[in-house]
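A.B. asks: What follows is the file target-v4.txt, containing compact mmCIF, N, CA and C atoms:
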# COMPACT_ATOMS: atom_id res chain seq x y z
N GLY Y 1 175.44 66.05 71.15
CA GLY Y 1 175.78 65.05 70.18
C GLY Y 1 176.76 65.53 69.14
N GLY Y 2 177.10 66.82 69.16
CA GLY Y 2 178.05 67.32 68.17
C GLY Y 2 177.39 67.57 66.83
N GLY Y 3 178.18 67.79 65.83
CA GLY Y 3 177.65 68.05 64.50
C GLY Y 3 177.73 69.52 64.17
N VAL Y 4 177.32 69.84 62.97
CA VAL Y 4 177.39 71.20 62.48
C VAL Y 4 176.01 71.61 62.01
N ALA Y 5 175.64 72.85 62.31
CA ALA Y 5 174.37 73.39 61.84
C ALA Y 5 174.64 74.71 61.16
N ALA Y 6 174.01 74.93 60.04
CA ALA Y 6 174.13 76.20 59.33
C ALA Y 6 173.16 77.18 59.99
N LEU Y 7 173.67 78.06 60.83
CA LEU Y 7 172.83 78.95 61.61
C LEU Y 7 171.87 79.79 60.76
N PRO Y 8 172.28 80.30 59.60
CA PRO Y 8 171.32 81.07 58.81
C PRO Y 8 170.10 80.26 58.36
N ARG Y 9 170.23 78.94 58.38
CA ARG Y 9 169.10 78.10 57.95
C ARG Y 9 168.17 77.74 59.10
N LEU Y 10 168.56 78.08 60.33
CA LEU Y 10 167.75 77.78 61.50
C LEU Y 10 166.91 78.98 61.89
N SER Y 11 165.66 78.72 62.25
CA SER Y 11 164.84 79.78 62.84
C SER Y 11 165.14 79.81 64.33
N PRO Y 12 164.80 80.88 65.01
CA PRO Y 12 164.98 80.90 66.47
C PRO Y 12 164.24 79.74 67.14
N PHE Y 13 163.06 79.42 66.63
CA PHE Y 13 162.28 78.31 67.15
C PHE Y 13 163.05 77.00 67.03
N ASP Y 14 163.60 76.73 65.85
CA ASP Y 14 164.38 75.51 65.64
C ASP Y 14 165.60 75.46 66.54
N TYR Y 15 166.28 76.60 66.67
CA TYR Y 15 167.46 76.65 67.51
C TYR Y 15 167.12 76.31 68.96
N LEU Y 16 166.06 76.92 69.47
CA LEU Y 16 165.66 76.65 70.86
C LEU Y 16 165.27 75.19 71.05
N ALA Y 17 164.58 74.62 70.07
CA ALA Y 17 164.18 73.21 70.18
C ALA Y 17 165.41 72.30 70.16
N LEU Y 18 166.38 72.63 69.33
CA LEU Y 18 167.61 71.82 69.28
C LEU Y 18 168.39 71.91 70.59
N ARG Y 19 168.28 73.02 71.29
CA ARG Y 19 169.01 73.24 72.53
C ARG Y 19 168.19 72.87 73.76
N ALA Y 20 167.02 72.28 73.57
CA ALA Y 20 166.15 71.93 74.69
C ALA Y 20 166.87 70.99 75.65
N ASP Y 21 166.75 71.28 76.93
CA ASP Y 21 167.39 70.44 77.94
C ASP Y 21 166.40 69.41 78.48
N ASP Y 22 166.86 68.65 79.46
CA ASP Y 22 166.01 67.61 80.04
C ASP Y 22 164.73 68.19 80.64
N LEU Y 23 164.83 69.36 81.25
CA LEU Y 23 163.65 69.97 81.84
C LEU Y 23 162.60 70.28 80.77
N ALA Y 24 163.04 70.83 79.66
CA ALA Y 24 162.10 71.13 78.57
C ALA Y 24 161.42 69.86 78.10
N ARG Y 25 162.17 68.78 77.96
CA ARG Y 25 161.58 67.51 77.54
C ARG Y 25 160.59 66.99 78.58
N GLN Y 26 160.90 67.18 79.85
CA GLN Y 26 160.00 66.73 80.91
C GLN Y 26 158.71 67.53 80.95
N LEU Y 27 158.75 68.76 80.47
CA LEU Y 27 157.57 69.61 80.49
C LEU Y 27 156.55 69.25 79.41
N VAL Y 28 156.95 68.44 78.45
CA VAL Y 28 156.01 67.99 77.42
C VAL Y 28 155.00 67.06 78.09
N ASP Y 29 153.73 67.37 77.91
CA ASP Y 29 152.66 66.56 78.51
C ASP Y 29 152.83 65.09 78.12
N PRO Y 30 152.72 64.18 79.07
CA PRO Y 30 152.88 62.76 78.76
C PRO Y 30 151.93 62.25 77.67
N ARG Y 31 150.72 62.81 77.59
CA ARG Y 31 149.78 62.40 76.54
C ARG Y 31 150.31 62.79 75.17
N VAL Y 32 150.89 63.97 75.08
CA VAL Y 32 151.46 64.44 73.81
C VAL Y 32 152.66 63.57 73.46
N ARG Y 33 153.53 63.35 74.43
CA ARG Y 33 154.72 62.53 74.20
C ARG Y 33 154.33 61.13 73.75
N SER Y 34 153.36 60.54 74.42
CA SER Y 34 152.91 59.19 74.07
C SER Y 34 152.36 59.13 72.65
N MET Y 35 151.53 60.12 72.28
CA MET Y 35 150.97 60.15 70.93
C MET Y 35 152.07 60.27 69.90
N LEU Y 36 153.06 61.14 70.17
CA LEU Y 36 154.15 61.33 69.21
C LEU Y 36 155.02 60.08 69.09
N GLU Y 37 155.25 59.39 70.19
CA GLU Y 37 156.05 58.17 70.15
C GLU Y 37 155.32 57.08 69.35
N GLU Y 38 154.03 56.91 69.63
CA GLU Y 38 153.26 55.91 68.88
C GLU Y 38 153.16 56.28 67.41
N ASP Y 39 152.95 57.56 67.14
CA ASP Y 39 152.85 58.03 65.76
C ASP Y 39 154.16 57.78 65.01
N ARG Y 40 155.29 57.98 65.67
CA ARG Y 40 156.59 57.74 65.03
C ARG Y 40 156.69 56.28 64.60
N ARG Y 41 156.25 55.38 65.47
CA ARG Y 41 156.30 53.95 65.14
C ARG Y 41 155.37 53.60 63.98
N ARG Y 42 154.31 54.39 63.80
CA ARG Y 42 153.32 54.11 62.76
C ARG Y 42 153.52 54.93 61.49
N GLY Y 43 154.64 55.64 61.39
CA GLY Y 43 154.93 56.35 60.15
C GLY Y 43 154.84 57.86 60.22
N ASP Y 44 154.56 58.42 61.38
CA ASP Y 44 154.55 59.87 61.59
C ASP Y 44 153.46 60.61 60.82
N THR Y 45 152.34 59.98 60.55
CA THR Y 45 151.28 60.66 59.79
C THR Y 45 150.64 61.79 60.59
N LEU Y 46 150.48 61.61 61.89
CA LEU Y 46 149.87 62.68 62.69
C LEU Y 46 150.83 63.86 62.83
N ALA Y 47 152.11 63.57 63.00
CA ALA Y 47 153.11 64.64 63.07
C ALA Y 47 153.14 65.42 61.76
N ALA Y 48 153.08 64.71 60.64
CA ALA Y 48 153.06 65.37 59.33
C ALA Y 48 151.83 66.24 59.19
N THR Y 49 150.71 65.77 59.73
CA THR Y 49 149.47 66.54 59.67
C THR Y 49 149.57 67.81 60.50
N ILE Y 50 150.14 67.70 61.69
CA ILE Y 50 150.34 68.89 62.54
C ILE Y 50 151.18 69.92 61.81
N ARG Y 51 152.29 69.47 61.26
CA ARG Y 51 153.19 70.39 60.55
C ARG Y 51 152.51 71.01 59.33
N ALA Y 52 151.85 70.19 58.53
CA ALA Y 52 151.20 70.69 57.32
C ALA Y 52 150.10 71.68 57.66
N PHE Y 53 149.34 71.41 58.70
CA PHE Y 53 148.26 72.31 59.13
C PHE Y 53 148.84 73.66 59.55
N ALA Y 54 149.93 73.63 60.31
CA ALA Y 54 150.58 74.88 60.72
C ALA Y 54 151.15 75.63 59.51
N GLU Y 55 151.83 74.90 58.63
CA GLU Y 55 152.44 75.52 57.46
C GLU Y 55 151.41 76.07 56.49
N ALA Y 56 150.18 75.54 56.54
CA ALA Y 56 149.10 76.02 55.69
C ALA Y 56 148.29 77.11 56.39
N ASP Y 57 148.82 77.67 57.46
CA ASP Y 57 148.15 78.73 58.21
C ASP Y 57 146.74 78.31 58.65
N LEU Y 58 146.62 77.09 59.14
CA LEU Y 58 145.39 76.51 59.66
C LEU Y 58 144.32 76.30 58.59
N ASN Y 59 144.73 76.25 57.34
CA ASN Y 59 143.82 75.98 56.24
C ASN Y 59 143.83 74.47 56.00
N LEU Y 60 142.76 73.81 56.44
CA LEU Y 60 142.73 72.35 56.40
C LEU Y 60 142.75 71.81 54.97
N ARG Y 61 142.03 72.45 54.07
CA ARG Y 61 142.02 71.98 52.67
C ARG Y 61 143.42 72.07 52.05
N LEU Y 62 144.11 73.16 52.30
CA LEU Y 62 145.46 73.31 51.78
C LEU Y 62 146.41 72.29 52.41
N ALA Y 63 146.27 72.08 53.70
CA ALA Y 63 147.10 71.07 54.37
C ALA Y 63 146.85 69.70 53.78
N ALA Y 64 145.58 69.35 53.56
CA ALA Y 64 145.23 68.06 52.97
C ALA Y 64 145.82 67.93 51.58
N GLU Y 65 145.75 68.99 50.81
CA GLU Y 65 146.32 68.98 49.45
C GLU Y 65 147.83 68.73 49.51
N ARG Y 66 148.50 69.41 50.42
CA ARG Y 66 149.95 69.24 50.55
C ARG Y 66 150.32 67.84 51.04
N LEU Y 67 149.44 67.25 51.85
CA LEU Y 67 149.67 65.89 52.35
C LEU Y 67 149.24 64.83 51.33
N ARG Y 68 148.55 65.29 50.30
CA ARG Y 68 148.00 64.41 49.27
C ARG Y 68 146.99 63.42 49.85
N VAL Y 69 146.11 63.97 50.72
CA VAL Y 69 145.02 63.17 51.28
C VAL Y 69 143.72 63.96 51.10
N HIS Y 70 142.61 63.28 51.22
CA HIS Y 70 141.31 63.94 51.15
C HIS Y 70 141.16 64.82 52.38
N HIS Y 71 140.44 65.94 52.24
CA HIS Y 71 140.30 66.84 53.39
C HIS Y 71 139.59 66.17 54.56
N ASN Y 72 138.72 65.20 54.29
CA ASN Y 72 138.08 64.47 55.39
C ASN Y 72 139.10 63.65 56.18
N THR Y 73 140.10 63.13 55.48
CA THR Y 73 141.17 62.38 56.15
C THR Y 73 141.97 63.30 57.05
N ALA Y 74 142.30 64.48 56.56
CA ALA Y 74 143.03 65.46 57.38
C ALA Y 74 142.19 65.88 58.58
N HIS Y 75 140.89 66.07 58.36
CA HIS Y 75 139.99 66.43 59.46
C HIS Y 75 139.95 65.31 60.50
N TYR Y 76 139.87 64.08 60.06
CA TYR Y 76 139.88 62.93 60.97
C TYR Y 76 141.18 62.91 61.79
N ARG Y 77 142.29 63.17 61.13
CA ARG Y 77 143.58 63.16 61.83
C ARG Y 77 143.63 64.24 62.91
N LEU Y 78 143.11 65.43 62.62
CA LEU Y 78 143.08 66.49 63.63
C LEU Y 78 142.22 66.08 64.83
N ARG Y 79 141.08 65.45 64.55
CA ARG Y 79 140.23 64.95 65.65
C ARG Y 79 140.96 63.91 66.46
N ARG Y 80 141.67 63.03 65.78
CA ARG Y 80 142.43 61.96 66.45
C ARG Y 80 143.51 62.57 67.35
N ILE Y 81 144.21 63.57 66.87
CA ILE Y 81 145.24 64.26 67.66
C ILE Y 81 144.59 64.85 68.92
N GLU Y 82 143.45 65.50 68.75
CA GLU Y 82 142.77 66.09 69.90
C GLU Y 82 142.32 65.03 70.90
N GLU Y 83 141.78 63.93 70.40
CA GLU Y 83 141.34 62.84 71.29
C GLU Y 83 142.51 62.28 72.08
N ARG Y 84 143.64 62.10 71.42
CA ARG Y 84 144.81 61.46 72.06
C ARG Y 84 145.55 62.39 73.00
N THR Y 85 145.55 63.68 72.72
CA THR Y 85 146.39 64.60 73.48
C THR Y 85 145.63 65.58 74.36
N GLY Y 86 144.35 65.77 74.08
CA GLY Y 86 143.60 66.82 74.77
C GLY Y 86 143.92 68.20 74.22
N ARG Y 87 144.67 68.26 73.13
CA ARG Y 87 145.04 69.53 72.50
C ARG Y 87 144.32 69.66 71.17
N ASN Y 88 143.66 70.80 70.97
CA ASN Y 88 142.94 71.05 69.73
C ASN Y 88 143.87 71.81 68.78
N PRO Y 89 144.32 71.16 67.70
CA PRO Y 89 145.25 71.82 66.78
C PRO Y 89 144.68 73.08 66.13
N ARG Y 90 143.37 73.30 66.22
CA ARG Y 90 142.77 74.51 65.65
C ARG Y 90 142.93 75.72 66.57
N ARG Y 91 143.34 75.48 67.81
CA ARG Y 91 143.63 76.57 68.75
C ARG Y 91 145.12 76.87 68.68
N ILE Y 92 145.46 78.12 68.53
CA ILE Y 92 146.86 78.51 68.36
C ILE Y 92 147.72 78.02 69.52
N ALA Y 93 147.30 78.22 70.76
CA ALA Y 93 148.11 77.80 71.91
C ALA Y 93 148.35 76.30 71.89
N ASP Y 94 147.32 75.54 71.57
CA ASP Y 94 147.47 74.08 71.52
C ASP Y 94 148.36 73.65 70.36
N LEU Y 95 148.18 74.30 69.21
CA LEU Y 95 149.01 73.98 68.05
C LEU Y 95 150.48 74.28 68.34
N LEU Y 96 150.74 75.41 68.99
CA LEU Y 96 152.11 75.74 69.35
C LEU Y 96 152.70 74.71 70.31
N GLU Y 97 151.91 74.26 71.26
CA GLU Y 97 152.40 73.24 72.18
C GLU Y 97 152.75 71.95 71.44
N LEU Y 98 151.91 71.56 70.48
CA LEU Y 98 152.20 70.36 69.68
C LEU Y 98 153.46 70.55 68.84
N LEU Y 99 153.60 71.72 68.24
CA LEU Y 99 154.78 71.99 67.42
C LEU Y 99 156.06 72.01 68.26
N VAL Y 100 155.98 72.57 69.46
CA VAL Y 100 157.14 72.58 70.35
C VAL Y 100 157.51 71.15 70.74
N ALA Y 101 156.51 70.35 71.10
CA ALA Y 101 156.78 68.95 71.46
C ALA Y 101 157.42 68.20 70.30
N LEU Y 102 156.93 68.44 69.10
CA LEU Y 102 157.52 67.81 67.91
C LEU Y 102 158.96 68.27 67.70
N ALA Y 103 159.20 69.56 67.83
CA ALA Y 103 160.54 70.10 67.63
C ALA Y 103 161.51 69.57 68.68
N ILE Y 104 161.06 69.48 69.92
CA ILE Y 104 161.91 68.93 70.98
C ILE Y 104 162.21 67.47 70.70
N ARG Y 105 161.18 66.72 70.31
CA ARG Y 105 161.39 65.30 69.99
C ARG Y 105 162.40 65.15 68.87
N ASP Y 106 162.21 65.90 67.80
CA ASP Y 106 163.09 65.79 66.65
C ASP Y 106 164.49 66.30 66.95
N GLY Y 107 164.59 67.35 67.75
CA GLY Y 107 165.89 67.88 68.14
C GLY Y 107 166.66 66.89 69.00
N ALA Y 108 165.97 66.22 69.90
CA ALA Y 108 166.61 65.22 70.76
C ALA Y 108 167.12 64.06 69.92
N GLU Y 109 166.34 63.65 68.93
CA GLU Y 109 166.75 62.53 68.07
C GLU Y 109 167.95 62.91 67.21
N GLU Y 110 167.95 64.15 66.70
CA GLU Y 110 169.08 64.60 65.89
C GLU Y 110 170.34 64.72 66.72
N GLY Y 111 170.17 65.08 67.99
CA GLY Y 111 171.32 65.24 68.87
C GLY Y 111 171.77 63.96 69.51
N GLY Y 112 171.17 62.84 69.12
CA GLY Y 112 171.56 61.55 69.67
C GLY Y 112 170.97 61.25 71.02
N GLU Y 113 169.94 62.03 71.41
CA GLU Y 113 169.30 61.82 72.70
C GLU Y 113 167.90 61.28 72.53
N GLY Y 114 167.57 60.65 71.41
CA GLY Y 114 166.22 60.16 71.14
C GLY Y 114 165.77 59.19 72.17
N GLU Y 115 164.44 59.14 72.34
CA GLU Y 115 163.85 58.26 73.35
C GLU Y 115 163.70 56.87 72.82
For the structure just supplied, provide its representation as structure tokens.

C.D. replies:
Amino acid sequence: GGGVAALPRLSPFDYLALRADDLARQLVDPRVRSMLEEDRRRGDTLAATIRAFAEADLNLRLAAERLRVHHNTAHYRLRRIEERTGRNPRRIADLLELLVALAIRDGAEEGGEGE
């Protein structure tokens, strides 16, 4: 899609997500993709919760504080993510998979390849 990116501001993770090809997008589990697409239409609250939880080093209370929601609301959202995707955000491997799917989705949209 073109454009300019300030490389010093990108992490290797962000760079790889921005460069994700069709195969990488196809490897995202359809349940995860479906949840992210529906969440985008509803305001991206689950995506924000995933990001906040990761940025808070899996500290749910801190994530809830940063999201400005009650910790029970954040806990409910994590359960909802797990129910919808089969991925438990409290497990590092599952959280990484969710973060990768989010980064690929956002990278595709920024590059003009949004779904």

A.B. asks: Please compute the CA of Arg66 (chain Y)-CA of Ala54 (chain Y) distance, one decimal, in Å.

C.D. replies: 11.6 Å

A.B. asks: So which one's closest to Leu36 (chain Y), Y:Leu96, Y:Ala74, Y:Ile50, Y:Ala64? Using only C-alpha atoms, please.

C.D. replies: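 Nearest candidate to Leu36 (chain Y) out of Y:Leu96, Y:Ala74, Y:Ile50, Y:Ala64: Y:Ile50.
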
A.B. asks: Could you tell me which of Y:Ala47, Y:Ile104, Y:Leu99, Y:Leu67 comes closest to Met35 (chain Y) if we count all atoms listed in the file?

C.D. replies: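 Among the listed residues, Y:Ala47 lies closest to Met35 (chain Y).
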
A.B. asks: Could you jot down the atom N of Phe53 (chain Y) to atom C of Leu23 (chain Y) separation for me, Å, one decimal place?

C.D. replies: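 Those two atoms sit 25.8 Å apart.
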
A.B. asks: Please compute the atom N of Leu27 (chain Y)-CA of Glu82 (chain Y) distance, one decimal, in Å.

C.D. replies: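 According to the coordinates, atom N of Leu27 (chain Y) and CA of Glu82 (chain Y) are separated by 19.3 Å.
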
A.B. asks: Write out as a list in words each polymer residue whose atoms come within 8 Å of Arg84 (chain Y), counting all atoms listed in the file; drop sequence neighbours fewer than 5 positions from it.

C.D. replies: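 Once the nearby chain positions are removed, what remains is Pro30, Arg31, Val32, Ser34, Met35, Leu78 and Arg79 of chain Y.
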
A.B. asks: Counting only N, CA and C atoms, select every polymer residue within 5 Å of (150.5, 68.4, 56.8) as defined in the file's coordinates, and provide the selection as a PyMOL selection string.

C.D. replies: chain Y and resi 48-53+63

A.B. asks: List every residue of region 20-113 of chain Y that DSSP, applied to the backbone, labels as helix (DSSP H, G or I), and write the result as a ChimeraX atom specification.

C.D. replies: /Y:22-26,30-41,45-55,60-67,71-85,92-110

A.B. asks: Counting only N, CA and C atoms, which of Y:Pro8, Y:Arg77, Y:Ala56, Y:Val28 gets nearest to Glu97 (chain Y)?

C.D. replies: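 Answer, going by the shortest atom-to-atom distance: Y:Val28.
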
A.B. asks: Is it possible to dump region 45-65 of chain Y as a PDB file, in the first residue's frame, including just N, CA and C atoms?

C.D. replies:
ATOM      1  N   THR Y  45     -13.437  -3.481  21.800  1.00  0.00           N
ATOM      2  CA  THR Y  45     -13.195  -3.578  23.245  1.00  0.00           C
ATOM      3  C   THR Y  45     -12.402  -4.830  23.616  1.00  0.00           C
ATOM      4  N   LEU Y  46     -12.639  -5.936  22.929  1.00  0.00           N
ATOM      5  CA  LEU Y  46     -11.890  -7.153  23.253  1.00  0.00           C
ATOM      6  C   LEU Y  46     -10.437  -7.024  22.795  1.00  0.00           C
ATOM      7  N   ALA Y  47     -10.222  -6.414  21.647  1.00  0.00           N
ATOM      8  CA  ALA Y  47      -8.855  -6.177  21.170  1.00  0.00           C
ATOM      9  C   ALA Y  47      -8.113  -5.270  22.142  1.00  0.00           C
ATOM     10  N   ALA Y  48      -8.780  -4.229  22.612  1.00  0.00           N
ATOM     11  CA  ALA Y  48      -8.156  -3.322  23.583  1.00  0.00           C
ATOM     12  C   ALA Y  48      -7.817  -4.062  24.869  1.00  0.00           C
ATOM     13  N   THR Y  49      -8.676  -4.990  25.259  1.00  0.00           N
ATOM     14  CA  THR Y  49      -8.437  -5.775  26.470  1.00  0.00           C
ATOM     15  C   THR Y  49      -7.226  -6.686  26.292  1.00  0.00           C
ATOM     16  N   ILE Y  50      -7.128  -7.327  25.138  1.00  0.00           N
ATOM     17  CA  ILE Y  50      -5.965  -8.183  24.859  1.00  0.00           C
ATOM     18  C   ILE Y  50      -4.684  -7.368  24.950  1.00  0.00           C
ATOM     19  N   ARG Y  51      -4.675  -6.229  24.295  1.00  0.00           N
ATOM     20  CA  ARG Y  51      -3.473  -5.382  24.304  1.00  0.00           C
ATOM     21  C   ARG Y  51      -3.142  -4.889  25.709  1.00  0.00           C
ATOM     22  N   ALA Y  52      -4.146  -4.406  26.423  1.00  0.00           N
ATOM     23  CA  ALA Y  52      -3.919  -3.877  27.767  1.00  0.00           C
ATOM     24  C   ALA Y  52      -3.412  -4.966  28.705  1.00  0.00           C
ATOM     25  N   PHE Y  53      -3.960  -6.157  28.595  1.00  0.00           N
ATOM     26  CA  PHE Y  53      -3.544  -7.280  29.434  1.00  0.00           C
ATOM     27  C   PHE Y  53      -2.080  -7.624  29.155  1.00  0.00           C
ATOM     28  N   ALA Y  54      -1.702  -7.652  27.889  1.00  0.00           N
ATOM     29  CA  ALA Y  54      -0.301  -7.931  27.540  1.00  0.00           C
ATOM     30  C   ALA Y  54       0.614  -6.810  28.027  1.00  0.00           C
ATOM     31  N   GLU Y  55       0.206  -5.561  27.804  1.00  0.00           N
ATOM     32  CA  GLU Y  55       1.027  -4.418  28.205  1.00  0.00           C
ATOM     33  C   GLU Y  55       1.159  -4.303  29.717  1.00  0.00           C
ATOM     34  N   ALA Y  56       0.198  -4.881  30.449  1.00  0.00           N
ATOM     35  CA  ALA Y  56       0.247  -4.868  31.910  1.00  0.00           C
ATOM     36  C   ALA Y  56       0.943  -6.122  32.451  1.00  0.00           C
ATOM     37  N   ASP Y  57       1.650  -6.835  31.597  1.00  0.00           N
ATOM     38  CA  ASP Y  57       2.366  -8.051  31.991  1.00  0.00           C
ATOM     39  C   ASP Y  57       1.440  -9.058  32.681  1.00  0.00           C
ATOM     40  N   LEU Y  58       0.268  -9.244  32.115  1.00  0.00           N
ATOM     41  CA  LEU Y  58      -0.742 -10.201  32.573  1.00  0.00           C
ATOM     42  C   LEU Y  58      -1.325  -9.846  33.944  1.00  0.00           C
ATOM     43  N   ASN Y  59      -1.205  -8.597  34.332  1.00  0.00           N
ATOM     44  CA  ASN Y  59      -1.790  -8.126  35.583  1.00  0.00           C
ATOM     45  C   ASN Y  59      -3.182  -7.583  35.255  1.00  0.00           C
ATOM     46  N   LEU Y  60      -4.199  -8.361  35.608  1.00  0.00           N
ATOM     47  CA  LEU Y  60      -5.565  -8.012  35.221  1.00  0.00           C
ATOM     48  C   LEU Y  60      -6.042  -6.716  35.871  1.00  0.00           C
ATOM     49  N   ARG Y  61      -5.705  -6.504  37.125  1.00  0.00           N
ATOM     50  CA  ARG Y  61      -6.136  -5.266  37.796  1.00  0.00           C
ATOM     51  C   ARG Y  61      -5.521  -4.031  37.132  1.00  0.00           C
ATOM     52  N   LEU Y  62      -4.251  -4.120  36.790  1.00  0.00           N
ATOM     53  CA  LEU Y  62      -3.594  -3.007  36.118  1.00  0.00           C
ATOM     54  C   LEU Y  62      -4.187  -2.786  34.725  1.00  0.00           C
ATOM     55  N   ALA Y  63      -4.449  -3.867  34.020  1.00  0.00           N
ATOM     56  CA  ALA Y  63      -5.077  -3.746  32.697  1.00  0.00           C
ATOM     57  C   ALA Y  63      -6.438  -3.080  32.815  1.00  0.00           C
ATOM     58  N   ALA Y  64      -7.234  -3.502  33.801  1.00  0.00           N
ATOM     59  CA  ALA Y  64      -8.559  -2.915  34.008  1.00  0.00           C
ATOM     60  C   ALA Y  64      -8.438  -1.430  34.331  1.00  0.00           C
ATOM     61  N   GLU Y  65      -7.475  -1.086  35.153  1.00  0.00           N
ATOM     62  CA  GLU Y  65      -7.261   0.325  35.500  1.00  0.00           C
ATOM     63  C   GLU Y  65      -6.923   1.140  34.247  1.00  0.00           C
TER      64      GLU Y  65
END
